[in-house]
$ cat entry03.cif   # mmCIF, C-alpha atoms
data_run
#
loop_
_atom_site.label_atom_id
_atom_site.label_comp_id
_atom_site.auth_asym_id
_atom_site.auth_seq_id
_atom_site.Cartn_x
_atom_site.Cartn_y
_atom_site.Cartn_z
CA MET A 8 15.53 15.97 10.14
CA GLU A 9 15.71 18.42 7.25
CA PHE A 10 17.84 21.53 7.44
CA ASP A 11 19.07 23.90 4.75
CA PHE A 12 22.82 24.12 5.42
CA SER A 13 23.05 27.12 3.09
CA GLN A 14 21.95 29.12 6.15
CA PHE A 15 25.57 28.84 7.29
CA SER A 16 26.77 30.92 4.33
CA ASP A 17 28.09 34.43 5.01
CA LEU A 18 27.59 34.16 8.77
CA LYS A 19 30.17 36.86 9.43
CA ASP A 20 27.96 39.56 7.93
CA LYS A 21 24.55 38.03 8.58
CA ASP A 22 22.12 39.13 11.31
CA VAL A 23 20.27 35.89 11.99
CA SER A 24 18.43 37.42 14.96
CA ARG A 25 15.97 38.98 12.51
CA THR A 26 14.67 35.50 11.76
CA GLY A 27 14.55 34.41 15.41
CA LEU A 28 17.82 32.49 15.29
CA MET A 29 21.25 32.62 16.91
CA VAL A 30 24.72 31.27 16.17
CA LEU A 31 26.43 28.95 18.67
CA GLU A 32 30.18 28.49 18.45
CA GLY A 33 32.21 25.74 20.10
CA ARG A 34 31.57 22.63 22.15
CA ILE A 35 31.02 24.41 25.49
CA VAL A 36 28.41 26.84 24.15
CA ILE A 37 26.61 24.11 22.19
CA GLU A 38 26.56 21.78 25.20
CA LYS A 39 25.04 24.58 27.32
CA ALA A 40 22.36 24.97 24.65
CA ILE A 41 21.65 21.22 24.64
CA ALA A 42 21.45 21.17 28.46
CA GLY A 43 19.09 24.14 28.34
CA ASN A 44 16.76 22.44 25.84
CA ILE A 45 17.50 25.07 23.20
CA GLU A 46 16.24 23.93 19.81
CA ILE A 47 19.29 23.46 17.59
CA LEU A 48 18.43 23.33 13.88
CA GLY A 49 21.75 22.23 12.38
CA LEU A 50 25.47 21.95 13.11
CA VAL A 51 28.65 21.94 11.04
CA ARG A 52 31.95 20.68 12.41
CA SER A 53 35.49 19.89 11.46
CA GLY A 54 37.65 17.05 12.74
CA GLY A 55 39.64 17.58 15.92
CA SER A 56 40.79 16.14 19.20
CA ASP A 57 37.31 16.48 20.73
CA GLU A 58 35.45 15.17 17.71
CA ASP A 59 33.57 12.51 19.70
CA TRP A 60 31.97 14.86 22.23
CA LEU A 61 28.63 14.78 20.40
CA ALA A 62 28.42 11.03 21.00
CA THR A 63 27.70 11.73 24.67
CA HIS A 64 24.48 13.57 23.77
CA GLU A 65 21.17 12.53 22.29
CA VAL A 66 21.51 14.52 19.08
CA LYS A 67 18.18 15.54 17.54
CA PHE A 68 19.53 17.80 14.79
CA PRO A 69 21.40 17.22 11.53
CA VAL A 70 25.20 17.39 11.63
CA LYS A 71 27.46 18.01 8.65
CA ARG A 72 31.20 17.34 8.58
CA VAL A 73 33.30 19.90 6.69
CA ASP A 74 37.03 20.40 6.22
CA HIS A 75 39.12 23.03 8.01
CA ALA A 76 39.05 25.53 5.16
CA GLU A 77 35.28 25.35 4.90
CA ILE A 78 34.60 25.90 8.61
CA CYS A 79 37.02 28.85 8.56
CA ARG A 80 35.01 30.28 5.68
CA ILE A 81 31.76 29.71 7.58
CA ALA A 82 33.10 31.23 10.80
CA GLY A 83 34.50 34.21 8.91
CA PHE A 84 37.93 33.98 10.53
CA HIS A 85 40.65 31.38 11.08
CA PHE A 86 40.17 31.19 14.84
CA HIS A 87 37.21 29.00 15.70
CA HIS A 88 36.24 26.13 17.99
CA GLY A 89 35.59 23.46 15.40
CA SER A 90 31.79 23.42 15.70
CA ILE A 91 29.16 25.97 14.72
CA ALA A 92 25.40 25.57 15.16
CA ILE A 93 22.30 27.54 14.29
CA ALA A 94 19.54 27.46 16.89
CA LYS A 95 16.27 29.16 17.79
CA ARG A 96 16.65 32.13 20.11
CA PRO A 97 15.11 31.95 23.59
CA GLU A 98 12.59 34.66 24.37
CA LEU A 99 14.02 37.36 26.62
CA LYS A 100 10.88 38.17 28.57
CA PRO A 101 10.54 41.64 30.04
CA PHE A 102 10.06 41.84 33.77
CA ALA A 103 6.52 43.15 34.24
CA ALA A 104 6.09 45.20 37.39
CA SER A 105 2.30 45.09 37.04
CA GLU A 106 2.04 41.33 37.56
CA GLY A 107 1.74 41.60 41.35
CA GLU A 108 4.59 41.15 43.79
CA PRO A 109 8.00 41.82 42.20
CA ARG A 110 9.56 38.45 41.38
CA LEU A 111 12.59 37.26 39.49
CA SER A 112 13.44 33.66 38.70
CA GLY A 113 16.12 32.31 40.99
CA THR A 114 16.36 32.15 44.76
CA ALA A 115 14.37 34.62 46.83
CA GLU A 116 17.45 35.40 48.89
CA GLY A 117 19.78 35.58 45.91
CA SER A 118 21.96 38.24 44.35
CA TYR A 119 21.41 39.64 40.85
CA LEU A 120 23.47 41.67 38.40
CA CYS A 121 21.69 44.48 36.55
CA LEU A 122 23.32 45.93 33.43
CA TRP A 123 22.16 49.36 32.28
CA ASN A 124 23.08 50.51 28.76
CA VAL A 125 26.14 48.23 28.55
CA THR A 126 26.46 48.43 24.78
CA ASP A 127 29.39 46.18 23.89
CA PRO A 128 28.27 42.56 23.26
CA SER A 129 31.62 41.19 24.45
CA ASN A 130 31.21 43.07 27.74
CA VAL A 131 27.63 41.85 28.17
CA GLY A 132 28.71 38.27 27.53
CA ALA A 133 31.73 38.44 29.82
CA LEU A 134 29.67 39.99 32.63
CA ILE A 135 27.08 37.21 32.31
CA ARG A 136 29.89 34.66 32.50
CA SER A 137 31.29 36.34 35.62
CA ALA A 138 27.82 36.53 37.18
CA ALA A 139 27.34 32.81 36.66
CA GLY A 140 30.74 32.04 38.13
CA LEU A 141 30.22 34.27 41.17
CA GLY A 142 26.85 32.89 42.20
CA ALA A 143 24.32 35.28 40.66
CA ALA A 144 20.73 34.09 40.69
CA GLY A 145 20.15 35.93 37.40
CA VAL A 146 20.98 38.95 35.27
CA ILE A 147 18.70 41.91 34.55
CA LEU A 148 19.24 43.72 31.24
CA GLY A 149 18.10 47.32 31.10
CA PRO A 150 17.54 49.56 28.07
CA GLY A 151 20.41 49.97 25.61
CA CYS A 152 22.19 46.72 26.49
CA ALA A 153 23.69 44.63 23.73
CA ASP A 154 21.78 41.52 22.71
CA PRO A 155 22.88 38.67 25.05
CA TYR A 156 22.15 36.17 22.27
CA TYR A 157 24.29 37.96 19.70
CA ARG A 158 27.07 35.77 18.35
CA LYS A 159 29.90 37.66 20.08
CA ALA A 160 28.00 37.92 23.39
CA LEU A 161 27.26 34.20 23.45
CA ARG A 162 30.89 33.42 22.73
CA ALA A 163 32.09 35.75 25.51
CA SER A 164 29.58 34.31 27.97
CA MET A 165 30.80 30.76 27.22
CA GLY A 166 27.17 29.79 26.83
CA ASN A 167 26.13 30.98 30.30
CA ALA A 168 23.61 33.33 28.66
CA LEU A 169 21.72 30.11 27.86
CA SER A 170 21.77 28.72 31.41
CA LEU A 171 21.57 31.72 33.76
CA PRO A 172 18.11 33.33 34.06
CA LEU A 173 18.00 36.59 32.08
CA HIS A 174 15.37 39.30 32.50
CA ALA A 175 14.65 42.50 30.58
CA SER A 176 13.56 45.52 32.59
CA ASP A 177 12.93 49.22 32.19
CA ALA A 178 13.17 51.91 34.88
CA ALA A 179 9.62 51.22 36.08
CA GLY A 180 10.43 47.54 36.56
CA LEU A 181 13.60 48.34 38.48
CA SER A 182 11.66 50.81 40.63
CA SER A 183 9.09 48.15 41.51
CA LEU A 184 11.91 45.84 42.61
CA ALA A 185 13.44 48.61 44.72
CA HIS A 186 10.08 49.21 46.40
CA GLY A 187 9.29 45.51 46.68
CA GLY A 188 12.03 44.41 49.03
CA PHE A 189 15.09 44.25 46.77
CA ASP A 190 18.23 46.03 47.95
CA LEU A 191 19.83 47.91 45.03
CA ALA A 192 23.40 49.23 45.01
CA ALA A 193 24.83 51.30 42.15
CA ALA A 194 28.47 50.99 41.11
CA THR A 195 29.60 54.61 40.66
CA LEU A 196 32.57 56.94 41.06
CA SER A 197 30.47 59.45 43.01
CA PRO A 198 31.84 61.13 46.17
CA ALA A 199 28.77 59.65 47.89
CA ALA A 200 29.82 56.07 47.10
CA LEU A 201 31.09 53.76 49.82
CA PRO A 202 34.09 51.47 49.45
CA LEU A 203 32.94 47.94 48.65
CA SER A 204 34.04 46.64 52.03
CA GLU A 205 31.77 49.14 53.85
CA TYR A 206 28.54 48.27 52.07
CA ALA A 207 26.43 45.56 53.74
CA PRO A 208 24.00 44.19 51.14
CA LYS A 209 20.63 42.83 52.18
CA ARG A 210 18.98 39.94 50.32
CA PRO A 211 17.57 39.82 47.74
CA PHE A 212 20.26 42.10 46.37
CA ILE A 213 20.81 43.76 42.97
CA LEU A 214 24.14 45.25 41.86
CA VAL A 215 23.53 47.86 39.14
CA VAL A 216 26.34 48.51 36.66
CA GLY A 217 26.18 51.19 33.97
CA ASN A 218 27.53 52.18 30.58
CA GLU A 219 31.20 51.65 29.73
CA GLY A 220 31.81 55.36 29.20
CA TYR A 221 29.42 57.44 31.31
CA GLY A 222 28.09 55.09 33.96
CA LEU A 223 24.55 55.20 35.32
CA PRO A 224 21.91 57.93 34.84
CA ALA A 225 20.84 59.87 37.93
CA ASP A 226 17.30 58.49 37.95
CA ILE A 227 18.60 54.92 38.20
CA ILE A 228 21.12 55.81 40.91
CA ASN A 229 18.28 57.42 42.87
CA LEU A 230 16.43 54.09 42.93
CA CYS A 231 19.33 52.49 44.79
CA ARG A 232 19.79 52.36 48.56
CA GLY A 233 23.47 53.15 48.19
CA GLU A 234 26.44 53.56 45.88
CA VAL A 235 29.69 51.60 45.94
CA TYR A 236 33.14 52.04 44.45
CA ILE A 237 36.36 50.05 44.19
CA PRO A 238 39.27 51.73 46.00
CA MET A 239 42.14 52.06 43.51
CA THR A 240 45.63 53.44 43.13
CA PRO A 241 45.60 57.27 42.93
CA GLY A 242 45.65 58.60 39.38
CA ILE A 243 43.61 55.70 37.94
CA ASP A 244 40.04 56.85 37.37
CA SER A 245 38.29 53.60 36.51
CA LEU A 246 38.46 49.96 35.46
CA ASN A 247 36.98 48.16 32.48
CA VAL A 248 33.31 47.45 33.21
CA VAL A 249 33.87 43.68 33.10
CA VAL A 250 36.72 43.83 35.62
CA ALA A 251 34.85 46.28 37.85
CA GLY A 252 31.66 44.24 37.74
CA GLY A 253 33.54 41.06 38.60
CA ILE A 254 35.27 42.63 41.60
CA CYS A 255 31.99 44.08 42.88
CA MET A 256 30.17 40.76 42.53
CA TYR A 257 32.98 38.90 44.26
CA GLU A 258 32.82 41.26 47.21
CA LEU A 259 29.05 41.78 47.48
CA PHE A 260 27.41 38.52 46.42
CA GLY A 261 28.69 36.68 49.48
CA ASN A 262 29.38 33.32 47.85
CA ARG A 263 33.10 33.10 48.44
CA ALA A 264 32.77 30.66 51.34
CA GLU A 265 30.72 28.35 49.14
CA ALA A 266 33.26 28.28 46.33
CA ILE A 267 34.61 24.90 45.26
CA ARG A 268 38.10 24.47 46.62
CA ARG A 269 40.34 22.99 44.00
CA PRO A 270 43.26 20.73 45.01
#
$ encode --input "entry03.cif" --output "structure tokens"
Amino acid sequence: MEFDFSQFSDLKDKDVSRTGLMVLEGRIVIEKAIAGNIEILGLVRSGGSDEDWLATHEVKFPVKRVDHAEICRIAGFHFHHGSIAIAKRPELKPFAASEGEPRLSGTAEGSYLCLWNVTDPSNVGALIRSAAGLGAAGVILGPGCADPYYRKALRASMGNALSLPLHASDAAGLSSLAHGGFDLAAATLSPAALPLSEYAPKRPFILVVGNEGYGLPADIINLCRGEVYIPMTPGIDSLNVVVAGGICMYELFGNRAEAIRRP
């Protein structure tokens, strides 16, 4: 297994996506990649308390041990998770409305999160992580969204961007879903929006969340059956998109009864 470990140089300022690659950081993200049959090309790691975790996997890629100073240099900062890998990016396939009946991977009766022009990679990653934790069947990424396989997004998603089905869609694709039996609700601050507790989603259901600063465009809101908002203390106009998206999913996805009860 040959790999040029010089590819790990200057990762902080390098855009590896241009060559069809992505950077995986930490045991949890790398294990999600292994479980998802992502092709990992090479891995560097430093010693640590979890240094034997790779022994539990059938490793098919070269691994290089480096000291703490070297992995800090590779990571580009002193905070890291002890392991960094370079892997081939999955293909984010666009949802094609012209392929017949509107379909998304996942359960036919499931709930989906749609992100529209969410530009911050940390927000995209954290929303994907929340969607996975709250029972989403998949995530739809509209125009203008940050790359879910960008280094920061993958780190924020804790690798769930590699295990939860992701779809790319434009307005035409979302329209075909709306007209094909999917119930769409837009998270807005509009006077027409209903409190979360008053909206009764039908399945399959799509929650549509917009840009961090200016929300959703009118044409996308018009595709939705209804609008929802989170009742808040007077004088507070909005929440961070990650917090708001998590609260909306918790309320509308209907998976609370199925949650694992921890002792």
$ residues_around --input "entry03.cif" --residues "Cys121 (chain A)" --least-positions-apart "3" --cutoff "8 Å" --atoms "all atoms listed in the file" --output "PyMOL selection string"
chain A and resi 146-149+213-216
$ closest_atom_pairs --input "entry03.cif" --of "region 111-223 of chain A" --to "region 44-49 of chain A" --cutoff "12 Å" --atoms "only C-alpha atoms" --output "JSON lines"
{"residue": "A:Gly166", "atom": "CA", "partner": "A:Ile45", "partner_atom": "CA", "distance": 11.4}
{"residue": "A:Ala168", "atom": "CA", "partner": "A:Ile45", "partner_atom": "CA", "distance": 11.6}
{"residue": "A:Leu169", "atom": "CA", "partner": "A:Ile45", "partner_atom": "CA", "distance": 8.1}
{"residue": "A:Ser170", "atom": "CA", "partner": "A:Asn44", "partner_atom": "CA", "distance": 9.8}
$ write_last_selection --input "entry03.cif" --atoms "C-alpha atoms" --output "mmCIF file, in the coordinates of the input"
data_model
loop_
_atom_site.group_PDB
_atom_site.id
_atom_site.type_symbol
_atom_site.label_atom_id
_atom_site.label_comp_id
_atom_site.auth_asym_id
_atom_site.auth_seq_id
_atom_site.Cartn_x
_atom_site.Cartn_y
_atom_site.Cartn_z
ATOM 1 C CA GLY A 166 27.170 29.790 26.830
ATOM 2 C CA ALA A 168 23.610 33.330 28.660
ATOM 3 C CA LEU A 169 21.720 30.110 27.860
ATOM 4 C CA SER A 170 21.770 28.720 31.410
#
$ resolve_selection --input "entry03.cif" --expression "the PyMOL selection byres ((chain A and resi 144) around 10)" --output "ChimeraX atom specification"
/A:111-120,138-139,141-143,145-146,171-173,211-213,260
$ closest_atom_pairs --input "entry03.cif" --of "region 52-164 of chain A" --to "region 37-43 of chain A" --cutoff "12 Å" --atoms "only C-alpha atoms" --output "JSON lines"
{"residue": "A:Arg52", "atom": "CA", "partner": "A:Ile37", "partner_atom": "CA", "distance": 11.7}
{"residue": "A:Trp60", "atom": "CA", "partner": "A:Glu38", "partner_atom": "CA", "distance": 9.3}
{"residue": "A:Leu61", "atom": "CA", "partner": "A:Glu38", "partner_atom": "CA", "distance": 8.7}
{"residue": "A:Ala62", "atom": "CA", "partner": "A:Glu38", "partner_atom": "CA", "distance": 11.7}
{"residue": "A:Thr63", "atom": "CA", "partner": "A:Glu38", "partner_atom": "CA", "distance": 10.1}
{"residue": "A:His64", "atom": "CA", "partner": "A:Ile41", "partner_atom": "CA", "distance": 8.2}
{"residue": "A:Glu65", "atom": "CA", "partner": "A:Ile41", "partner_atom": "CA", "distance": 9.0}
{"residue": "A:Val66", "atom": "CA", "partner": "A:Ile41", "partner_atom": "CA", "distance": 8.7}
{"residue": "A:Lys67", "atom": "CA", "partner": "A:Ile41", "partner_atom": "CA", "distance": 9.7}
{"residue": "A:Phe68", "atom": "CA", "partner": "A:Ile41", "partner_atom": "CA", "distance": 10.6}
{"residue": "A:His88", "atom": "CA", "partner": "A:Ile37", "partner_atom": "CA", "distance": 10.7}
{"residue": "A:Gly89", "atom": "CA", "partner": "A:Ile37", "partner_atom": "CA", "distance": 11.3}
{"residue": "A:Ser90", "atom": "CA", "partner": "A:Ile37", "partner_atom": "CA", "distance": 8.3}
{"residue": "A:Ile91", "atom": "CA", "partner": "A:Ile37", "partner_atom": "CA", "distance": 8.1}
{"residue": "A:Ala92", "atom": "CA", "partner": "A:Ile37", "partner_atom": "CA", "distance": 7.3}
{"residue": "A:Ile93", "atom": "CA", "partner": "A:Ile37", "partner_atom": "CA", "distance": 9.6}
{"residue": "A:Ala94", "atom": "CA", "partner": "A:Ala40", "partner_atom": "CA", "distance": 8.6}
{"residue": "A:Lys95", "atom": "CA", "partner": "A:Ala40", "partner_atom": "CA", "distance": 10.1}
{"residue": "A:Arg96", "atom": "CA", "partner": "A:Ala40", "partner_atom": "CA", "distance": 10.2}
{"residue": "A:Pro97", "atom": "CA", "partner": "A:Gly43", "partner_atom": "CA", "distance": 10.0}
{"residue": "A:Tyr156", "atom": "CA", "partner": "A:Ala40", "partner_atom": "CA", "distance": 11.5}
{"residue": "A:Leu161", "atom": "CA", "partner": "A:Ile37", "partner_atom": "CA", "distance": 10.2}
{"residue": "A:Arg162", "atom": "CA", "partner": "A:Ile37", "partner_atom": "CA", "distance": 10.3}
{"residue": "A:Ser164", "atom": "CA", "partner": "A:Lys39", "partner_atom": "CA", "distance": 10.8}
$ residues_around --input "entry03.cif" --residues "Glu77 (chain A)" --least-positions-apart "4" --cutoff "10 Å" --atoms "only C-alpha atoms" --output "short mmCIF file (atom, residue, chain, number, x, y, z; two decimals) with C-alpha atoms, keeping the file's coordinate frame"
data_model
loop_
_atom_site.label_atom_id
_atom_site.label_comp_id
_atom_site.auth_asym_id
_atom_site.auth_seq_id
_atom_site.Cartn_x
_atom_site.Cartn_y
_atom_site.Cartn_z
CA VAL A 51 28.65 21.94 11.04
CA ARG A 52 31.95 20.68 12.41
CA SER A 53 35.49 19.89 11.46
CA ARG A 72 31.20 17.34 8.58
CA VAL A 73 33.30 19.90 6.69
CA ILE A 81 31.76 29.71 7.58
CA ALA A 82 33.10 31.23 10.80
CA GLY A 83 34.50 34.21 8.91
#
$ resolve_selection --input "entry03.cif" --expression "the PyMOL selection byres ((chain A and resi 196) around 9)" --output "VMD selection string"
chain A and resid 194 to 195 197 to 200 222 234 to 237 244 to 245
$ atom_distance --input "entry03.cif" --atom1 "CA of Asn229 (chain A)" --atom2 "CA of Ala207 (chain A)"
18.0 Å
$ closest_residue --input "entry03.cif" --among "A:Asn218, A:Pro202, A:Ser137, A:His186" --to "Gly151 (chain A)" --atoms "all atoms listed in the file"
A:Asn218
$ resolve_selection --input "entry03.cif" --expression "the PyMOL selection byres ((chain A and resi 128-131) around 10)" --output "count of residues only"
31
$ closest_residue --input "entry03.cif" --among "A:Leu230, A:Ile78, A:Leu223, A:Ile254" --to "Glu32 (chain A)" --atoms "all atoms listed in the file"
A:Ile78
$ atom_distance --input "entry03.cif" --atom1 "CA of Pro208 (chain A)" --atom2 "CA of Met165 (chain A)"
28.3 Å
$ residues_around --input "entry03.cif" --residues "Ser182 (chain A)" --least-positions-apart "5" --cutoff "9 Å" --atoms "only C-alpha atoms" --output "list in words"
Ala104, Asp177, Gly187, Ile227, Leu230 and Cys231 of chain A
$ atom_distance --input "entry03.cif" --atom1 "CA of Ala175 (chain A)" --atom2 "CA of Tyr257 (chain A)"
23.2 Å
$ decode --input "entry03.cif" --residues "region 51-78 of chain A" --atoms "N, CA and C atoms" --output "PDB file, in the first residue's frame"
ATOM      1  N   VAL A  51      -1.934   9.449   9.707  1.00  0.00           N
ATOM      2  CA  VAL A  51      -0.842   9.718  10.647  1.00  0.00           C
ATOM      3  C   VAL A  51      -1.437   9.810  12.035  1.00  0.00           C
ATOM      4  N   ARG A  52      -0.654   9.380  13.055  1.00  0.00           N
ATOM      5  CA  ARG A  52      -1.177   9.377  14.410  1.00  0.00           C
ATOM      6  C   ARG A  52      -0.054   9.536  15.417  1.00  0.00           C
ATOM      7  N   SER A  53      -0.423  10.074  16.556  1.00  0.00           N
ATOM      8  CA  SER A  53       0.517  10.166  17.663  1.00  0.00           C
ATOM      9  C   SER A  53       0.088   9.178  18.737  1.00  0.00           C
ATOM     10  N   GLY A  54       0.961   8.915  19.700  1.00  0.00           N
ATOM     11  CA  GLY A  54       0.622   8.024  20.789  1.00  0.00           C
ATOM     12  C   GLY A  54      -0.425   8.655  21.690  1.00  0.00           C
ATOM     13  N   GLY A  55      -1.169   7.830  22.403  1.00  0.00           N
ATOM     14  CA  GLY A  55      -2.197   8.345  23.298  1.00  0.00           C
ATOM     15  C   GLY A  55      -2.917   7.222  23.993  1.00  0.00           C
ATOM     16  N   SER A  56      -3.871   7.576  24.828  1.00  0.00           N
ATOM     17  CA  SER A  56      -4.571   6.566  25.618  1.00  0.00           C
ATOM     18  C   SER A  56      -5.417   5.645  24.762  1.00  0.00           C
ATOM     19  N   ASP A  57      -5.822   6.101  23.546  1.00  0.00           N
ATOM     20  CA  ASP A  57      -6.646   5.242  22.688  1.00  0.00           C
ATOM     21  C   ASP A  57      -5.853   4.702  21.510  1.00  0.00           C
ATOM     22  N   GLU A  58      -4.550   4.542  21.710  1.00  0.00           N
ATOM     23  CA  GLU A  58      -3.687   4.229  20.571  1.00  0.00           C
ATOM     24  C   GLU A  58      -3.941   2.856  19.976  1.00  0.00           C
ATOM     25  N   ASP A  59      -4.683   1.976  20.650  1.00  0.00           N
ATOM     26  CA  ASP A  59      -4.918   0.642  20.106  1.00  0.00           C
ATOM     27  C   ASP A  59      -6.264   0.521  19.394  1.00  0.00           C
ATOM     28  N   TRP A  60      -6.982   1.631  19.210  1.00  0.00           N
ATOM     29  CA  TRP A  60      -8.310   1.510  18.604  1.00  0.00           C
ATOM     30  C   TRP A  60      -8.264   0.982  17.174  1.00  0.00           C
ATOM     31  N   LEU A  61      -7.189   1.251  16.444  1.00  0.00           N
ATOM     32  CA  LEU A  61      -7.096   0.756  15.070  1.00  0.00           C
ATOM     33  C   LEU A  61      -7.015  -0.763  15.002  1.00  0.00           C
ATOM     34  N   ALA A  62      -6.563  -1.385  16.089  1.00  0.00           N
ATOM     35  CA  ALA A  62      -6.413  -2.843  16.104  1.00  0.00           C
ATOM     36  C   ALA A  62      -7.760  -3.550  15.985  1.00  0.00           C
ATOM     37  N   THR A  63      -8.843  -2.842  16.269  1.00  0.00           N
ATOM     38  CA  THR A  63     -10.167  -3.456  16.184  1.00  0.00           C
ATOM     39  C   THR A  63     -10.733  -3.403  14.769  1.00  0.00           C
ATOM     40  N   HIS A  64      -9.988  -2.816  13.833  1.00  0.00           N
ATOM     41  CA  HIS A  64     -10.452  -2.687  12.452  1.00  0.00           C
ATOM     42  C   HIS A  64      -9.505  -3.404  11.498  1.00  0.00           C
ATOM     43  N   GLU A  65     -10.065  -3.819  10.380  1.00  0.00           N
ATOM     44  CA  GLU A  65      -9.231  -4.383   9.311  1.00  0.00           C
ATOM     45  C   GLU A  65      -8.681  -3.209   8.495  1.00  0.00           C
ATOM     46  N   VAL A  66      -7.470  -2.802   8.842  1.00  0.00           N
ATOM     47  CA  VAL A  66      -6.877  -1.617   8.232  1.00  0.00           C
ATOM     48  C   VAL A  66      -6.305  -1.958   6.860  1.00  0.00           C
ATOM     49  N   LYS A  67      -6.751  -1.212   5.839  1.00  0.00           N
ATOM     50  CA  LYS A  67      -6.307  -1.455   4.473  1.00  0.00           C
ATOM     51  C   LYS A  67      -5.580  -0.237   3.914  1.00  0.00           C
ATOM     52  N   PHE A  68      -5.013   0.582   4.799  1.00  0.00           N
ATOM     53  CA  PHE A  68      -4.320   1.786   4.369  1.00  0.00           C
ATOM     54  C   PHE A  68      -3.064   1.953   5.215  1.00  0.00           C
ATOM     55  N   PRO A  69      -2.056   2.622   4.671  1.00  0.00           N
ATOM     56  CA  PRO A  69      -0.805   2.808   5.425  1.00  0.00           C
ATOM     57  C   PRO A  69      -0.984   3.768   6.594  1.00  0.00           C
ATOM     58  N   VAL A  70      -0.311   3.467   7.698  1.00  0.00           N
ATOM     59  CA  VAL A  70      -0.375   4.262   8.914  1.00  0.00           C
ATOM     60  C   VAL A  70       1.044   4.660   9.303  1.00  0.00           C
ATOM     61  N   LYS A  71       1.219   5.922   9.650  1.00  0.00           N
ATOM     62  CA  LYS A  71       2.530   6.418  10.051  1.00  0.00           C
ATOM     63  C   LYS A  71       2.445   7.033  11.439  1.00  0.00           C
ATOM     64  N   ARG A  72       3.323   6.604  12.342  1.00  0.00           N
ATOM     65  CA  ARG A  72       3.392   7.148  13.687  1.00  0.00           C
ATOM     66  C   ARG A  72       4.298   8.381  13.689  1.00  0.00           C
ATOM     67  N   VAL A  73       3.813   9.462  14.301  1.00  0.00           N
ATOM     68  CA  VAL A  73       4.603  10.690  14.406  1.00  0.00           C
ATOM     69  C   VAL A  73       4.544  11.170  15.854  1.00  0.00           C
ATOM     70  N   ASP A  74       5.456  12.067  16.222  1.00  0.00           N
ATOM     71  CA  ASP A  74       5.437  12.575  17.589  1.00  0.00           C
ATOM     72  C   ASP A  74       4.422  13.719  17.715  1.00  0.00           C
ATOM     73  N   HIS A  75       4.232  14.174  18.956  1.00  0.00           N
ATOM     74  CA  HIS A  75       3.208  15.179  19.237  1.00  0.00           C
ATOM     75  C   HIS A  75       3.456  16.475  18.460  1.00  0.00           C
ATOM     76  N   ALA A  76       4.681  16.919  18.417  1.00  0.00           N
ATOM     77  CA  ALA A  76       4.995  18.170  17.728  1.00  0.00           C
ATOM     78  C   ALA A  76       4.673  18.080  16.241  1.00  0.00           C
ATOM     79  N   GLU A  77       4.950  16.921  15.659  1.00  0.00           N
ATOM     80  CA  GLU A  77       4.716  16.753  14.228  1.00  0.00           C
ATOM     81  C   GLU A  77       3.226  16.737  13.904  1.00  0.00           C
ATOM     82  N   ILE A  78       2.414  16.052  14.725  1.00  0.00           N
ATOM     83  CA  ILE A  78       0.980  16.008  14.402  1.00  0.00           C
ATOM     84  C   ILE A  78       0.332  17.367  14.657  1.00  0.00           C
TER      85      ILE A  78
END
